[in-house]
Structure formats: C-alpha cells, structure tokens
$ cat structure_3.txt   # compact mmCIF, C-alpha atoms
# COMPACT_ATOMS: atom_id res chain seq x y z
CA MET X 1 7.39 45.34 -100.47
CA SER X 2 7.49 43.38 -103.72
CA ARG X 3 5.37 43.93 -106.80
CA ILE X 4 4.23 40.71 -108.44
CA LEU X 5 2.58 40.28 -111.83
CA VAL X 6 0.17 37.34 -111.79
CA VAL X 7 -0.69 35.98 -115.25
CA GLU X 8 -3.50 33.45 -114.90
CA ASP X 9 -6.66 33.00 -116.98
CA GLU X 10 -8.59 30.84 -114.51
CA PRO X 11 -10.43 33.31 -112.21
CA ARG X 12 -10.51 30.98 -109.20
CA ILE X 13 -6.75 30.43 -109.22
CA ALA X 14 -6.03 34.10 -109.96
CA SER X 15 -8.16 35.17 -107.00
CA PHE X 16 -6.52 32.55 -104.76
CA LEU X 17 -3.05 33.80 -105.69
CA GLN X 18 -3.94 37.46 -105.37
CA LYS X 19 -5.45 37.09 -101.90
CA GLY X 20 -2.60 34.94 -100.63
CA LEU X 21 0.15 37.19 -101.96
CA ARG X 22 -1.50 40.36 -100.68
CA ALA X 23 -1.83 38.78 -97.25
CA GLU X 24 1.95 38.32 -97.39
CA GLY X 25 2.40 42.05 -97.98
CA HIS X 26 3.02 41.92 -101.74
CA VAL X 27 1.39 44.25 -104.27
CA THR X 28 -0.21 42.26 -107.08
CA THR X 29 -1.41 43.01 -110.58
CA VAL X 30 -3.47 40.30 -112.30
CA VAL X 31 -3.95 39.80 -116.05
CA ASP X 32 -5.55 36.86 -117.85
CA ASN X 33 -3.80 36.80 -121.22
CA GLY X 34 -0.32 36.77 -122.71
CA ASP X 35 -0.56 39.99 -124.71
CA ASP X 36 -1.37 42.11 -121.65
CA ALA X 37 1.30 40.30 -119.66
CA SER X 38 4.01 41.13 -122.21
CA ALA X 39 2.91 44.76 -122.40
CA LEU X 40 2.80 45.25 -118.63
CA ALA X 41 6.10 43.50 -117.99
CA ARG X 42 7.67 45.77 -120.60
CA SER X 43 6.20 49.05 -119.36
CA GLN X 44 5.98 48.60 -115.59
CA ASP X 45 8.38 47.80 -112.78
CA PHE X 46 7.74 44.36 -111.25
CA ASP X 47 9.89 42.24 -108.93
CA LEU X 48 8.57 38.84 -110.05
CA VAL X 49 6.13 37.21 -112.48
CA LEU X 50 3.91 34.21 -111.78
CA LEU X 51 3.16 33.00 -115.29
CA ASP X 52 0.60 30.41 -116.31
CA VAL X 53 1.70 28.43 -119.37
CA GLY X 54 -1.74 27.58 -120.79
CA LEU X 55 -2.97 31.08 -121.66
CA PRO X 56 -5.39 31.99 -124.45
CA GLY X 57 -3.66 33.46 -127.50
CA LYS X 58 0.01 34.03 -126.67
CA ASP X 59 0.93 31.28 -124.21
CA GLY X 60 3.26 31.52 -121.23
CA PHE X 61 6.29 30.24 -123.14
CA ALA X 62 5.84 33.04 -125.71
CA VAL X 63 5.54 35.66 -122.95
CA LEU X 64 8.70 34.31 -121.34
CA ALA X 65 10.49 34.40 -124.70
CA ASP X 66 9.48 38.06 -125.11
CA LEU X 67 10.96 38.91 -121.72
CA ARG X 68 14.24 37.10 -122.25
CA ARG X 69 14.63 38.40 -125.82
CA ARG X 70 14.65 41.92 -124.38
CA GLY X 71 17.35 40.91 -121.93
CA GLU X 72 14.95 41.25 -118.99
CA ARG X 73 16.15 39.26 -115.95
CA LEU X 74 12.91 39.64 -114.03
CA PRO X 75 12.37 36.41 -112.04
CA VAL X 76 9.66 34.21 -113.60
CA ILE X 77 7.93 31.24 -111.97
CA LEU X 78 5.90 29.17 -114.43
CA LEU X 79 2.55 27.73 -113.32
CA THR X 80 1.24 24.81 -115.33
CA ALA X 81 -0.66 21.55 -115.31
CA ARG X 82 1.98 20.07 -117.61
CA ASP X 83 4.12 17.95 -115.31
CA ALA X 84 6.06 15.89 -117.84
CA VAL X 85 9.83 16.18 -117.56
CA PRO X 86 10.27 17.54 -121.13
CA ASP X 87 7.81 20.35 -120.37
CA ARG X 88 9.69 21.33 -117.21
CA VAL X 89 13.00 21.20 -119.05
CA ASN X 90 11.63 23.33 -121.90
CA GLY X 91 10.40 25.94 -119.44
CA LEU X 92 13.69 26.17 -117.59
CA ASP X 93 15.67 26.19 -120.84
CA ALA X 94 13.48 29.05 -122.07
CA GLY X 95 14.63 31.15 -119.13
CA ALA X 96 12.17 30.43 -116.31
CA ASP X 97 13.62 30.62 -112.82
CA ASP X 98 11.27 28.02 -111.37
CA TYR X 99 8.41 25.73 -112.32
CA VAL X 100 5.34 24.85 -110.21
CA THR X 101 2.84 22.24 -111.37
CA LYS X 102 -0.89 22.44 -110.66
CA PRO X 103 -2.44 21.67 -108.29
CA PHE X 104 -0.04 23.22 -105.77
CA SER X 105 -0.21 24.36 -102.17
CA PHE X 106 0.13 28.04 -101.42
CA GLU X 107 2.78 27.21 -98.81
CA GLU X 108 5.00 25.70 -101.49
CA LEU X 109 4.44 28.59 -103.87
CA ARG X 110 5.10 31.12 -101.11
CA ALA X 111 8.44 29.47 -100.34
CA ARG X 112 9.46 29.53 -104.00
CA VAL X 113 8.44 33.19 -104.34
CA ARG X 114 10.43 34.07 -101.23
CA VAL X 115 13.56 32.35 -102.57
CA ARG X 116 13.37 34.04 -105.98
CA LEU X 117 12.78 37.47 -104.48
CA ARG X 118 15.66 37.00 -102.06
CA GLU X 119 18.00 35.97 -104.87
CA SER X 120 17.04 39.00 -106.96
CA SER X 121 17.35 41.48 -104.09
CA ASP X 122 20.67 40.53 -102.53
CA ASP X 123 21.99 44.02 -103.25
CA ASN X 124 18.93 45.83 -101.90
CA PRO X 125 19.14 47.62 -98.54
CA THR X 126 17.37 46.13 -95.55
CA THR X 127 16.74 49.53 -93.95
CA LEU X 128 15.53 52.84 -95.32
CA ALA X 129 15.98 56.19 -93.62
CA ALA X 130 15.04 59.77 -94.39
CA GLY X 131 15.24 62.56 -91.86
CA ARG X 132 13.73 61.39 -88.58
CA VAL X 133 12.07 58.30 -90.07
CA ARG X 134 13.64 54.85 -90.35
CA LEU X 135 12.13 51.61 -91.70
CA ASP X 136 13.49 48.14 -91.05
CA LEU X 137 12.35 46.09 -94.04
CA LEU X 138 13.15 42.74 -92.42
CA SER X 139 11.27 43.22 -89.17
CA ARG X 140 8.71 45.53 -90.84
CA THR X 141 9.10 48.13 -88.08
CA ALA X 142 9.19 51.92 -88.22
CA THR X 143 10.83 54.40 -85.89
CA VAL X 144 10.70 58.19 -85.59
CA ASP X 145 13.65 59.71 -83.67
CA GLY X 146 14.36 56.21 -82.38
CA ARG X 147 10.81 55.72 -81.09
CA THR X 148 8.91 52.73 -82.48
CA VAL X 149 5.74 53.63 -84.36
CA GLU X 150 3.05 51.05 -85.08
CA LEU X 151 2.09 50.98 -88.77
CA THR X 152 -0.49 48.82 -90.49
CA ALA X 153 0.62 46.73 -93.46
CA GLN X 154 -0.65 49.29 -96.01
CA GLU X 155 0.80 52.23 -94.06
CA PHE X 156 4.18 50.50 -94.03
CA LEU X 157 4.04 49.85 -97.80
CA LEU X 158 3.19 53.50 -98.48
CA ALA X 159 5.97 54.69 -96.19
CA GLU X 160 8.40 52.33 -97.93
CA VAL X 161 7.59 53.72 -101.38
CA LEU X 162 8.02 57.29 -100.13
CA LEU X 163 11.31 56.52 -98.37
CA ARG X 164 12.70 54.88 -101.48
CA HIS X 165 12.22 58.24 -103.25
CA PRO X 166 13.05 60.99 -100.73
CA GLN X 167 12.67 64.56 -101.97
CA GLN X 168 10.94 63.30 -105.13
CA VAL X 169 7.37 64.24 -105.99
CA LEU X 170 5.36 61.04 -106.45
CA SER X 171 1.97 61.25 -108.12
CA ARG X 172 -1.13 59.77 -106.56
CA GLU X 173 -1.31 57.35 -109.51
CA HIS X 174 2.25 56.18 -108.82
CA LEU X 175 1.54 55.61 -105.14
CA LEU X 176 -1.78 53.90 -105.87
CA SER X 177 -0.25 51.45 -108.33
CA HIS X 178 2.83 50.66 -106.21
CA VAL X 179 0.95 50.12 -102.95
CA TRP X 180 -2.51 48.90 -103.96
CA GLY X 181 -1.90 47.54 -107.47
CA TYR X 182 -2.94 48.51 -110.98
CA ASP X 183 -6.35 46.90 -110.66
CA TYR X 184 -7.38 49.26 -107.86
CA ASP X 185 -9.99 51.94 -108.63
CA PRO X 186 -8.03 54.94 -110.04
CA GLY X 187 -10.75 57.29 -108.78
CA SER X 188 -10.25 56.23 -105.18
CA ASN X 189 -9.02 58.75 -102.58
CA ILE X 190 -7.32 55.99 -100.59
CA VAL X 191 -3.85 57.50 -101.16
CA ASP X 192 -4.89 60.78 -99.55
CA VAL X 193 -6.51 58.93 -96.65
CA TYR X 194 -3.38 56.89 -95.92
CA VAL X 195 -1.07 59.88 -96.28
CA GLY X 196 -3.19 61.43 -93.53
CA TYR X 197 -2.69 58.35 -91.38
CA LEU X 198 1.09 58.49 -91.89
CA ARG X 199 1.26 62.19 -91.06
CA ARG X 200 -0.42 61.53 -87.73
CA LYS X 201 2.10 58.79 -86.92
CA LEU X 202 5.32 60.10 -88.50
CA GLY X 203 4.79 63.85 -88.17
CA LYS X 204 2.85 66.40 -90.19
CA ALA X 205 5.94 67.96 -91.78
CA VAL X 206 7.35 64.65 -93.02
CA ILE X 207 5.11 64.42 -96.11
CA GLU X 208 4.45 67.51 -98.22
CA THR X 209 1.45 67.90 -100.51
CA VAL X 210 2.43 69.20 -103.95
CA ARG X 211 -0.84 70.64 -105.16
CA GLY X 212 -2.17 69.08 -108.35
CA VAL X 213 0.69 66.58 -108.53
CA GLY X 214 1.11 64.34 -105.50
CA TYR X 215 3.31 64.00 -102.42
CA ARG X 216 6.95 64.45 -101.45
CA LEU X 217 8.76 63.00 -98.45
CA HIS X 218 11.30 65.28 -96.81
CA GLY X 219 14.61 63.66 -95.94

$ encode --input "structure_3.txt" --output "structure tokens"
Amino acid sequence: MSRILVVEDEPRIASFLQKGLRAEGHVTTVVDNGDDASALARSQDFDLVLLDVGLPGKDGFAVLADLRRRGERLPVILLTARDAVPDRVNGLDAGADDYVTKPFSFEELRARVRVRLRESSDDNPTTLAAGRVRLDLLSRTATVDGRTVELTAQEFLLAEVLLRHPQQVLSREHLLSHVWGYDYDPGSNIVDVYVGYLRRKLGKAVIETVRGVGYRLHG
C-alpha cells in the first residue's frame, strides 16, 4: 500500500488520477492548490507526490522548493503542459524525480509511479507477519496458520496498516486516513465495518477494540 498526494487544480484530471491510482491499490489524497499541498506534505506521511506545476497561487515549483528546502526526499513527479526542454531541466534541477507532460496516458504515469515507489522502498520488507497472520505484499496474499485467506483490496490495505504497527493502538482516524484517504467522510463507520470483516477472516482475537480510542493488532 502506498499513499500518494495528488496536487492538481483541474477537477477532471484530478478525478482521473484518483480513480486510476485507487484502482491500483494506492491510497490518494487530492488537493487543488500549492498552499494545502505544502502543508499536507509537511504534516502527513506520504510515499509519493504527483504535483501539477500550473497551480493557482503557489505553483508546483514553489511547492517542490519547500519540500527540498526541508530536506524532504519524498519522491515527486511533476505534471505539466510545459514541454519545452528548459522547463523540464528546471523541474529536475529543482529536485523533481520525474517529469510527465500533459496530455499523458495513465499507463505511462502508472509505470513512472511504480518505478519511483520501488526506488524509494528498496529497504522495505516484502512480507509482514504478526502472530498467526502473514501478508505477502508482492503477491497481495494473506495466510493464517499457513492457510490462504481471501481478502478484498480494502481488507488487505487495512490488514497491512495494522500489521505494520503490531501491539500499537491505532485510532479510527488514523486507519481511515491511511486506508481510505483524507478526503473520506470522517463520520463514516467504514473502519468498524471492515475490522468486522477482518475478524471473521483472520480470527476474532487478532484485533482488539480499545474502547474510545481505536484498534490494536495482537502479534
């Protein structure tokens, strides 16, 4: 599971990116201006940023400069209609990891996202295990006591977040934002519903409810 910040002020393109990336299993947060992008990238934990250059107010180059000035090595792919060589050079010199010109195909963008995420996660484990539960992040499969358990895409993402933090109490807000994204309705009970689904598949005792706080996975 990767968390991607999409910074794009054109609603049609933003929706196109969000739907495509979510279909790939990524969690997306979408903002339409540079100020919000800088604030979110500073305060939240993302794996990659898709950053439009032509934003209202603070443009993409300024957002990128903010990130790099703080020493943040978060991978950034610039999205722009500016296809002149000097523009591409300026973007890469400013610290962008890649540069995609509009219009672009989602297949091309997906390949570039995959490469950047792979480069930034070389040291990350490919399997997670806690107690009786094991997740293979490459094949996207789950097992309990060696027995394969079928999980939906959202169930797998929720299990992954929990297994990355065994024995830690994770709030509903934390789980909601990491699995469904920051633009999801904070009043939704979807976290509780999916925890119920996981308990039925992984075992009732695997996930503990900490009343008034959230959930804890037992290792």

$ closest_residue --input "structure_3.txt" --among "X:Arg69, X:Ala41, X:Ala153, X:Asn90" --to "Glu24 (chain X)" --atoms "only C-alpha atoms"
X:Ala153

$ closest_residue --input "structure_3.txt" --among "X:Ala129, X:Thr209, X:Asn33, X:Gly91" --to "Glu160 (chain X)" --atoms "all atoms listed in the file"
X:Ala129

$ atom_distance --input "structure_3.txt" --atom1 "CA of Ser171 (chain X)" --atom2 "CA of Leu5 (chain X)"
21.3 Å

$ atom_distance --input "structure_3.txt" --atom1 "CA of Thr28 (chain X)" --atom2 "CA of His218 (chain X)"
27.7 Å

$ residues_around --input "structure_3.txt" --residues "Gly203 (chain X)" --least-positions-apart "3" --cutoff "12 Å" --atoms "all atoms listed in the file" --output "MDAnalysis selection string"
chainID X and resid 131:133 143:145 149 195:200 206:208 217:218

$ write_last_selection --input "structure_3.txt" --atoms "C-alpha atoms" --output "short mmCIF file (atom, residue, chain, number, x, y, z; two decimals), in the frame of the given file"
data_model
loop_
_atom_site.label_atom_id
_atom_site.label_comp_id
_atom_site.auth_asym_id
_atom_site.auth_seq_id
_atom_site.Cartn_x
_atom_site.Cartn_y
_atom_site.Cartn_z
CA GLY X 131 15.24 62.56 -91.86
CA ARG X 132 13.73 61.39 -88.58
CA VAL X 133 12.07 58.30 -90.07
CA THR X 143 10.83 54.40 -85.89
CA VAL X 144 10.70 58.19 -85.59
CA ASP X 145 13.65 59.71 -83.67
CA VAL X 149 5.74 53.63 -84.36
CA VAL X 195 -1.07 59.88 -96.28
CA GLY X 196 -3.19 61.43 -93.53
CA TYR X 197 -2.69 58.35 -91.38
CA LEU X 198 1.09 58.49 -91.89
CA ARG X 199 1.26 62.19 -91.06
CA ARG X 200 -0.42 61.53 -87.73
CA VAL X 206 7.35 64.65 -93.02
CA ILE X 207 5.11 64.42 -96.11
CA GLU X 208 4.45 67.51 -98.22
CA LEU X 217 8.76 63.00 -98.45
CA HIS X 218 11.30 65.28 -96.81
#

$ residues_near_point --input "structure_3.txt" --point "(-2.5, 29.6, -115.1)" --cutoff "12 Å" --atoms "all atoms listed in the file" --output "MDAnalysis selection string"
chainID X and resid 6:17 30:34 49:56 59:61 77:82 99:104

$ atom_distance --input "structure_3.txt" --atom1 "CA of Arg164 (chain X)" --atom2 "CA of Leu135 (chain X)"
10.3 Å

$ closest_residue --input "structure_3.txt" --among "X:Asp66, X:Ala23, X:Val113, X:Asp47" --to "Asp35 (chain X)" --atoms "only C-alpha atoms"
X:Asp66

$ residues_around --input "structure_3.txt" --residues "Thr126 (chain X)" --least-positions-apart "5" --cutoff "12 Å" --atoms "only C-alpha atoms" --output "PyMOL selection string"
chain X and resi 1+118+121+134-141+160+164

$ closest_residue --input "structure_3.txt" --among "X:Val193, X:Leu128, X:Val213, X:Ala94" --to "His174 (chain X)" --atoms "all atoms listed in the file"
X:Val213

$ closest_residue --input "structure_3.txt" --among "X:Asp97, X:Leu117, X:Lys19, X:Gly25" --to "Leu157 (chain X)" --atoms "only C-alpha atoms"
X:Gly25

$ closest_residue --input "structure_3.txt" --among "X:Val115, X:Leu48, X:Val169, X:Leu92" --to "Ala65 (chain X)" --atoms "only C-alpha atoms"
X:Leu92

$ residues_around --input "structure_3.txt" --residues "Arg22 (chain X)" --least-positions-apart "4" --cutoff "10 Å" --atoms "all atoms listed in the file" --output "PyMOL selection string"
chain X and resi 2-4+17-18+26-28+153+180-181
